[in-house]
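K.L.:
The structure file final.csv (CSV, C-alpha atoms) is provided below.
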chain,number,residue,atom,x,y,z
A,1,MET,CA,0.0,0.0,0.0
A,2,LEU,CA,1.2,3.5,-0.8
A,3,GLN,CA,1.9,6.0,1.9
A,4,ARG,CA,-1.3,7.8,2.8
A,5,THR,CA,-0.6,11.5,3.3
A,6,ALA,CA,-2.6,14.6,2.5
A,7,ASP,CA,0.0,15.8,0.0
A,8,ARG,CA,-0.7,12.7,-2.2
A,9,LEU,CA,-4.2,14.0,-2.9
A,10,ASP,CA,-4.6,16.6,-5.6
A,11,SER,CA,-7.5,19.0,-5.9
A,12,LEU,CA,-9.4,16.5,-8.2
A,13,ASP,CA,-9.1,13.7,-5.7
A,14,ARG,CA,-10.4,16.1,-3.0
A,15,GLN,CA,-13.3,17.2,-5.1
A,16,ILE,CA,-14.2,13.5,-5.9
A,17,ILE,CA,-14.0,12.6,-2.2
A,18,GLY,CA,-16.2,15.6,-1.5
A,19,CYS,CA,-18.8,14.5,-4.0
A,20,LEU,CA,-18.8,10.9,-2.6
A,21,THR,CA,-19.1,12.2,0.9
A,22,ARG,CA,-22.2,14.1,0.0
A,23,ASP,CA,-23.7,11.2,-2.0
A,24,ALA,CA,-21.8,7.9,-2.0
A,25,ARG,CA,-24.4,6.6,-4.6
A,26,ALA,CA,-23.5,9.2,-7.1
A,27,THR,CA,-22.5,7.7,-10.4
A,28,TYR,CA,-19.1,8.2,-11.9
A,29,ALA,CA,-20.8,10.3,-14.7
A,30,VAL,CA,-22.4,12.6,-12.1
A,31,VAL,CA,-19.2,13.0,-10.1
A,32,GLY,CA,-17.3,13.5,-13.4
A,33,ALA,CA,-19.7,16.3,-14.5
A,34,GLU,CA,-19.2,18.0,-11.2
A,35,VAL,CA,-15.4,17.8,-11.2
A,36,GLY,CA,-14.8,18.1,-15.0
A,37,LEU,CA,-13.6,14.5,-15.7
A,38,SER,CA,-15.0,11.7,-17.8
A,39,ALA,CA,-16.8,8.8,-16.0
A,40,PRO,CA,-13.9,6.4,-16.7
A,41,ALA,CA,-11.3,8.9,-15.3
A,42,VAL,CA,-13.4,9.2,-12.2
A,43,LYS,CA,-13.6,5.4,-11.9
A,44,ARG,CA,-9.8,5.1,-12.2
A,45,ARG,CA,-9.3,7.7,-9.5
A,46,VAL,CA,-11.8,6.1,-7.2
A,47,ASP,CA,-10.3,2.7,-7.7
A,48,ARG,CA,-6.9,4.2,-6.8
A,49,LEU,CA,-8.2,5.9,-3.7
A,50,LEU,CA,-9.8,2.6,-2.6
A,51,ALA,CA,-6.6,0.7,-3.3
A,52,GLU,CA,-4.5,3.2,-1.3
A,53,GLY,CA,-7.0,3.1,1.6
A,54,VAL,CA,-7.9,6.7,1.3
A,55,ILE,CA,-11.5,5.7,0.7
A,56,ARG,CA,-12.2,2.9,3.1
A,57,GLY,CA,-15.6,1.9,1.8
A,58,PHE,CA,-19.1,3.0,1.1
A,59,THR,CA,-22.0,2.6,3.6
A,60,ALA,CA,-25.6,3.5,4.2
A,61,LEU,CA,-26.2,5.8,7.1
A,62,VAL,CA,-29.3,4.6,8.9
A,63,ASP,CA,-31.2,6.7,11.6
A,64,PRO,CA,-30.8,4.6,14.7
A,65,GLU,CA,-34.1,5.7,16.1
A,66,VAL,CA,-35.9,4.1,13.2
A,67,LEU,CA,-34.3,0.8,14.2
A,68,GLY,CA,-35.4,1.3,17.8
A,69,TRP,CA,-32.1,2.5,19.2
A,70,ALA,CA,-33.2,5.9,20.4
A,71,THR,CA,-30.9,6.3,23.4
A,72,GLU,CA,-27.3,7.2,23.1
A,73,ALA,CA,-24.5,8.2,25.4
A,74,TYR,CA,-20.8,9.1,25.3
A,75,VAL,CA,-18.9,7.3,28.0
A,76,GLU,CA,-15.4,8.1,29.3
A,77,VAL,CA,-13.6,4.9,30.3
A,78,TYR,CA,-10.8,4.9,32.8
A,79,TRP,CA,-8.5,1.8,33.0
A,80,GLU,CA,-6.2,0.5,35.7
A,81,GLY,CA,-2.6,0.9,34.5
A,82,THR,CA,-1.6,2.0,31.0
A,83,PRO,CA,-3.5,0.0,28.4
A,84,SER,CA,-2.4,-0.1,24.8
A,85,PRO,CA,-4.9,1.0,22.1
A,86,LEU,CA,-5.1,-2.6,21.0
A,87,GLU,CA,-6.1,-3.7,24.6
A,88,LEU,CA,-8.7,-0.9,24.7
A,89,ARG,CA,-10.1,-2.0,21.3
A,90,ARG,CA,-10.3,-5.7,22.3
A,91,SER,CA,-12.3,-4.9,25.5
A,92,LEU,CA,-14.6,-2.4,23.8
A,93,GLU,CA,-15.4,-4.7,20.9
A,94,LYS,CA,-17.0,-7.1,23.3
A,95,VAL,CA,-19.9,-4.7,24.0
A,96,PRO,CA,-22.1,-4.7,20.8
A,97,GLU,CA,-23.8,-1.4,21.8
A,98,VAL,CA,-20.4,0.4,21.3
A,99,VAL,CA,-20.7,2.0,17.9
A,100,GLY,CA,-17.6,4.2,18.1
A,101,ALA,CA,-14.5,4.4,20.4
A,102,TRP,CA,-11.5,6.6,20.5
A,103,SER,CA,-8.3,6.8,22.6
A,104,VAL,CA,-8.2,10.3,23.9
A,105,THR,CA,-6.0,12.8,25.8
A,106,GLY,CA,-6.9,14.0,29.2
A,107,SER,CA,-7.7,11.8,32.3
A,108,ALA,CA,-9.9,9.2,30.5
A,109,ASP,CA,-8.3,6.4,28.5
A,110,ALA,CA,-11.1,6.2,25.9
A,111,LEU,CA,-14.2,7.9,24.8
A,112,VAL,CA,-17.0,5.5,23.8
A,113,HIS,CA,-20.2,6.1,21.9
A,114,ILE,CA,-23.0,3.7,22.8
A,115,LEU,CA,-26.4,3.3,21.2
A,116,ALA,CA,-29.2,1.5,23.1
A,117,ALA,CA,-33.0,1.0,22.8
A,118,ASP,CA,-33.8,2.8,26.1
A,119,ILE,CA,-32.3,3.8,29.5
A,120,PRO,CA,-32.4,0.2,31.0
A,121,HIS,CA,-30.6,-1.1,27.9
A,122,LEU,CA,-28.0,1.7,28.1
A,123,GLU,CA,-27.5,0.9,31.8
A,124,GLU,CA,-26.9,-2.8,30.9
A,125,ALA,CA,-24.4,-1.9,28.2
A,126,ILE,CA,-22.5,0.4,30.5
A,127,GLU,CA,-22.4,-2.3,33.2
A,128,ARG,CA,-21.0,-4.8,30.7
A,129,LEU,CA,-18.4,-2.2,29.8
A,130,ARG,CA,-17.5,-1.8,33.5
A,131,GLN,CA,-17.1,-5.5,33.8
A,132,GLN,CA,-14.3,-5.6,31.2
A,133,PRO,CA,-10.9,-6.4,32.7
A,134,ASN,CA,-9.0,-3.5,34.2
A,135,VAL,CA,-11.9,-1.0,33.8
A,136,HIS,CA,-11.6,1.2,36.9
A,137,GLN,CA,-14.5,3.6,36.3
A,138,THR,CA,-16.7,5.2,33.7
A,139,ARG,CA,-18.4,8.6,33.4
A,140,SER,CA,-21.4,8.9,31.1
A,141,GLU,CA,-23.1,11.7,29.3
A,142,VAL,CA,-26.5,10.9,27.8
A,143,VAL,CA,-27.4,12.6,24.6
A,144,LEU,CA,-30.7,14.6,24.8
A,145,SER,CA,-30.9,15.6,21.1
A,146,ARG,CA,-28.6,15.6,18.1
A,147,LEU,CA,-27.9,19.2,17.0
A,148,ILE,CA,-25.5,18.5,14.2
A,149,ASP,CA,-24.8,15.1,12.6
A,150,ARG,CA,-22.8,15.6,9.5
A,151,ALA,CA,-21.1,13.0,7.3
A,152,ARG,CA,-17.4,13.1,7.8
A,153,PRO,CA,-14.9,13.4,5.0
Reformat the file's structure so that it appears as structure tokens.
P.N.:
Amino acid sequence: MLQRTADRLDSLDRQIIGCLTRDARATYAVVGAEVGLSAPAVKRRVDRLLAEGVIRGFTALVDPEVLGWATEAYVEVYWEGTPSPLELRRSLEKVPEVVGAWSVTGSADALVHILAADIPHLEEAIERLRQQPNVHQTRSEVVLSRLIDRARP
């Protein structure tokens, strides 16, 4: 795999990524019309961006409330000792309600995003998180409403 750095992307790559971030289902012809390239040229660039790992994939963004997961929280997790990011990931992957997790600066070791059906379900998920080896404590913030929820480039 080639080195992935921002300087490897030219303005056309960035424009294509912008188009696909707004609408991942856009055809190569539609993207090409927006950026001034032919559909085959766009396909070649997208194939290269995929091969290089710049574009990691395409997905459908589904409203979790529609699926019955209307409760969400961000949880700071504090571990005993100094866990590696790999150890953090392995522990957090065991809780299926965890939909995002990041190692962070500050006093917490990780910030975890949890989706659940309701408050009792959220409480169960946080309890399972607390039962992971070496978890010392958690601190939770329950989301009341989403103010901004943008697609990320």
K.L.:
A:Ser38, A:Thr27, A:Ser145, A:Thr138: which is nearest Val75 of chain A, counting only C-alpha atoms?
P.N.:
A:Thr138
K.L.:
Looking at A:Ala24, A:Ala110, A:Ala51, A:Val77, which one is nearest to His136 of chain A, with distances taken over all atoms listed in the file?
P.N.:
A:Val77
K.L.:
Just how far from atom CA of Glu34 of chain A is atom CA of Cys19 of chain A, in Å to one decimal?
P.N.:
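Interatomic distance, atom CA of Cys19 of chain A to atom CA of Glu34 of chain A: 8.0 Å.
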K.L.:
So how many Å separate atom CA of Glu93 of chain A and atom CA of Thr21 of chain A, to one decimal?
P.N.:
26.4 Å
K.L.:
Would you compute the distance between atom CA of Thr59 of chain A and atom CA of Val31 of chain A? Give it in Å to one decimal.
P.N.:
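So the answer is 17.4 Å.
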K.L.:
Which residues, written as a tab-separated table (two decimals) with C-alpha atoms, keeping the file's coordinate frame, have at least one atom at most 12 Å from segment 114-118 of chain A, with only C-alpha atoms counted and residues fewer than 4 positions away on the same chain left out?
P.N.:
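Done, and the output landed in around20.tsv:
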chain	number	residue	atom	x	y	z
A	63	ASP	CA	-31.20	6.70	11.60
A	64	PRO	CA	-30.80	4.60	14.70
A	65	GLU	CA	-34.10	5.70	16.10
A	66	VAL	CA	-35.90	4.10	13.20
A	67	LEU	CA	-34.30	0.80	14.20
A	68	GLY	CA	-35.40	1.30	17.80
A	69	TRP	CA	-32.10	2.50	19.20
A	70	ALA	CA	-33.20	5.90	20.40
A	71	THR	CA	-30.90	6.30	23.40
A	72	GLU	CA	-27.30	7.20	23.10
A	73	ALA	CA	-24.50	8.20	25.40
A	74	TYR	CA	-20.80	9.10	25.30
A	75	VAL	CA	-18.90	7.30	28.00
A	76	GLU	CA	-15.40	8.10	29.30
A	92	LEU	CA	-14.60	-2.40	23.80
A	93	GLU	CA	-15.40	-4.70	20.90
A	95	VAL	CA	-19.90	-4.70	24.00
A	96	PRO	CA	-22.10	-4.70	20.80
A	97	GLU	CA	-23.80	-1.40	21.80
A	98	VAL	CA	-20.40	0.40	21.30
A	99	VAL	CA	-20.70	2.00	17.90
A	100	GLY	CA	-17.60	4.20	18.10
A	101	ALA	CA	-14.50	4.40	20.40
A	122	LEU	CA	-28.00	1.70	28.10
A	123	GLU	CA	-27.50	0.90	31.80
A	124	GLU	CA	-26.90	-2.80	30.90
A	125	ALA	CA	-24.40	-1.90	28.20
A	126	ILE	CA	-22.50	0.40	30.50
A	128	ARG	CA	-21.00	-4.80	30.70
A	129	LEU	CA	-18.40	-2.20	29.80
A	140	SER	CA	-21.40	8.90	31.10
A	141	GLU	CA	-23.10	11.70	29.30
A	142	VAL	CA	-26.50	10.90	27.80
A	143	VAL	CA	-27.40	12.60	24.60
K.L.:
Could you give me, as number ranges by chain, the residues that have an atom at most 12 Å away from the point (-4.6, -0.3, 22.5) in the coordinates of the file, using all atoms listed in the file?
P.N.:
A: 79, 82-93, 101-104, 109-110
K.L.:
Let me see the file: selected residues, C-alpha atoms, as a CSV table (one decimal), in the coordinates of the input.
P.N.:
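What landed in selection-v9.csv:
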chain,number,residue,atom,x,y,z
A,79,TRP,CA,-8.5,1.8,33.0
A,82,THR,CA,-1.6,2.0,31.0
A,83,PRO,CA,-3.5,0.0,28.4
A,84,SER,CA,-2.4,-0.1,24.8
A,85,PRO,CA,-4.9,1.0,22.1
A,86,LEU,CA,-5.1,-2.6,21.0
A,87,GLU,CA,-6.1,-3.7,24.6
A,88,LEU,CA,-8.7,-0.9,24.7
A,89,ARG,CA,-10.1,-2.0,21.3
A,90,ARG,CA,-10.3,-5.7,22.3
A,91,SER,CA,-12.3,-4.9,25.5
A,92,LEU,CA,-14.6,-2.4,23.8
A,93,GLU,CA,-15.4,-4.7,20.9
A,101,ALA,CA,-14.5,4.4,20.4
A,102,TRP,CA,-11.5,6.6,20.5
A,103,SER,CA,-8.3,6.8,22.6
A,104,VAL,CA,-8.2,10.3,23.9
A,109,ASP,CA,-8.3,6.4,28.5
A,110,ALA,CA,-11.1,6.2,25.9
K.L.:
Please determine, counting only C-alpha atoms, which residue among A:Val30, A:Val35, A:Ile119, A:Leu49 has the shortest atom-to-atom distance to Ser11 of chain A.
P.N.:
A:Val35
K.L.:
Rank nothing, just name the residue among A:Leu61, A:Val42, A:Ala108, A:Ala26 nearest to Arg150 of chain A, using all atoms listed in the file.
P.N.:
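Of all the options, A:Leu61 lies closest to Arg150 of chain A.
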K.L.:
Would you mind listing what lies within 10 Å of Leu20 of chain A as a PDB file with C-alpha atoms, in the coordinates of the input, with all atoms listed in the file counted and same-chain residues fewer than 5 positions away left out?
P.N.:
ATOM      1  CA  ARG A  14     -10.400  16.100  -3.000  1.00  0.00           C
ATOM      2  CA  GLN A  15     -13.300  17.200  -5.100  1.00  0.00           C
ATOM      3  CA  ARG A  25     -24.400   6.600  -4.600  1.00  0.00           C
ATOM      4  CA  ALA A  26     -23.500   9.200  -7.100  1.00  0.00           C
ATOM      5  CA  THR A  27     -22.500   7.700 -10.400  1.00  0.00           C
ATOM      6  CA  TYR A  28     -19.100   8.200 -11.900  1.00  0.00           C
ATOM      7  CA  VAL A  31     -19.200  13.000 -10.100  1.00  0.00           C
ATOM      8  CA  VAL A  46     -11.800   6.100  -7.200  1.00  0.00           C
ATOM      9  CA  ILE A  55     -11.500   5.700   0.700  1.00  0.00           C
ATOM     10  CA  PHE A  58     -19.100   3.000   1.100  1.00  0.00           C
ATOM     11  CA  PRO A 153     -14.900  13.400   5.000  1.00  0.00           C
TER      12      PRO A 153
END
K.L.:
Around all listed atoms of segment 99-114 of chain A, padded 4 Å per side, what centre and edge lengths does the axis-aligned box have in Å to one decimal, as AutoDock Vina command-line options?
P.N.:
--center_x -14.5 --center_y 8.0 --center_z 25.1 --size_x 25.0 --size_y 20.0 --size_z 22.4
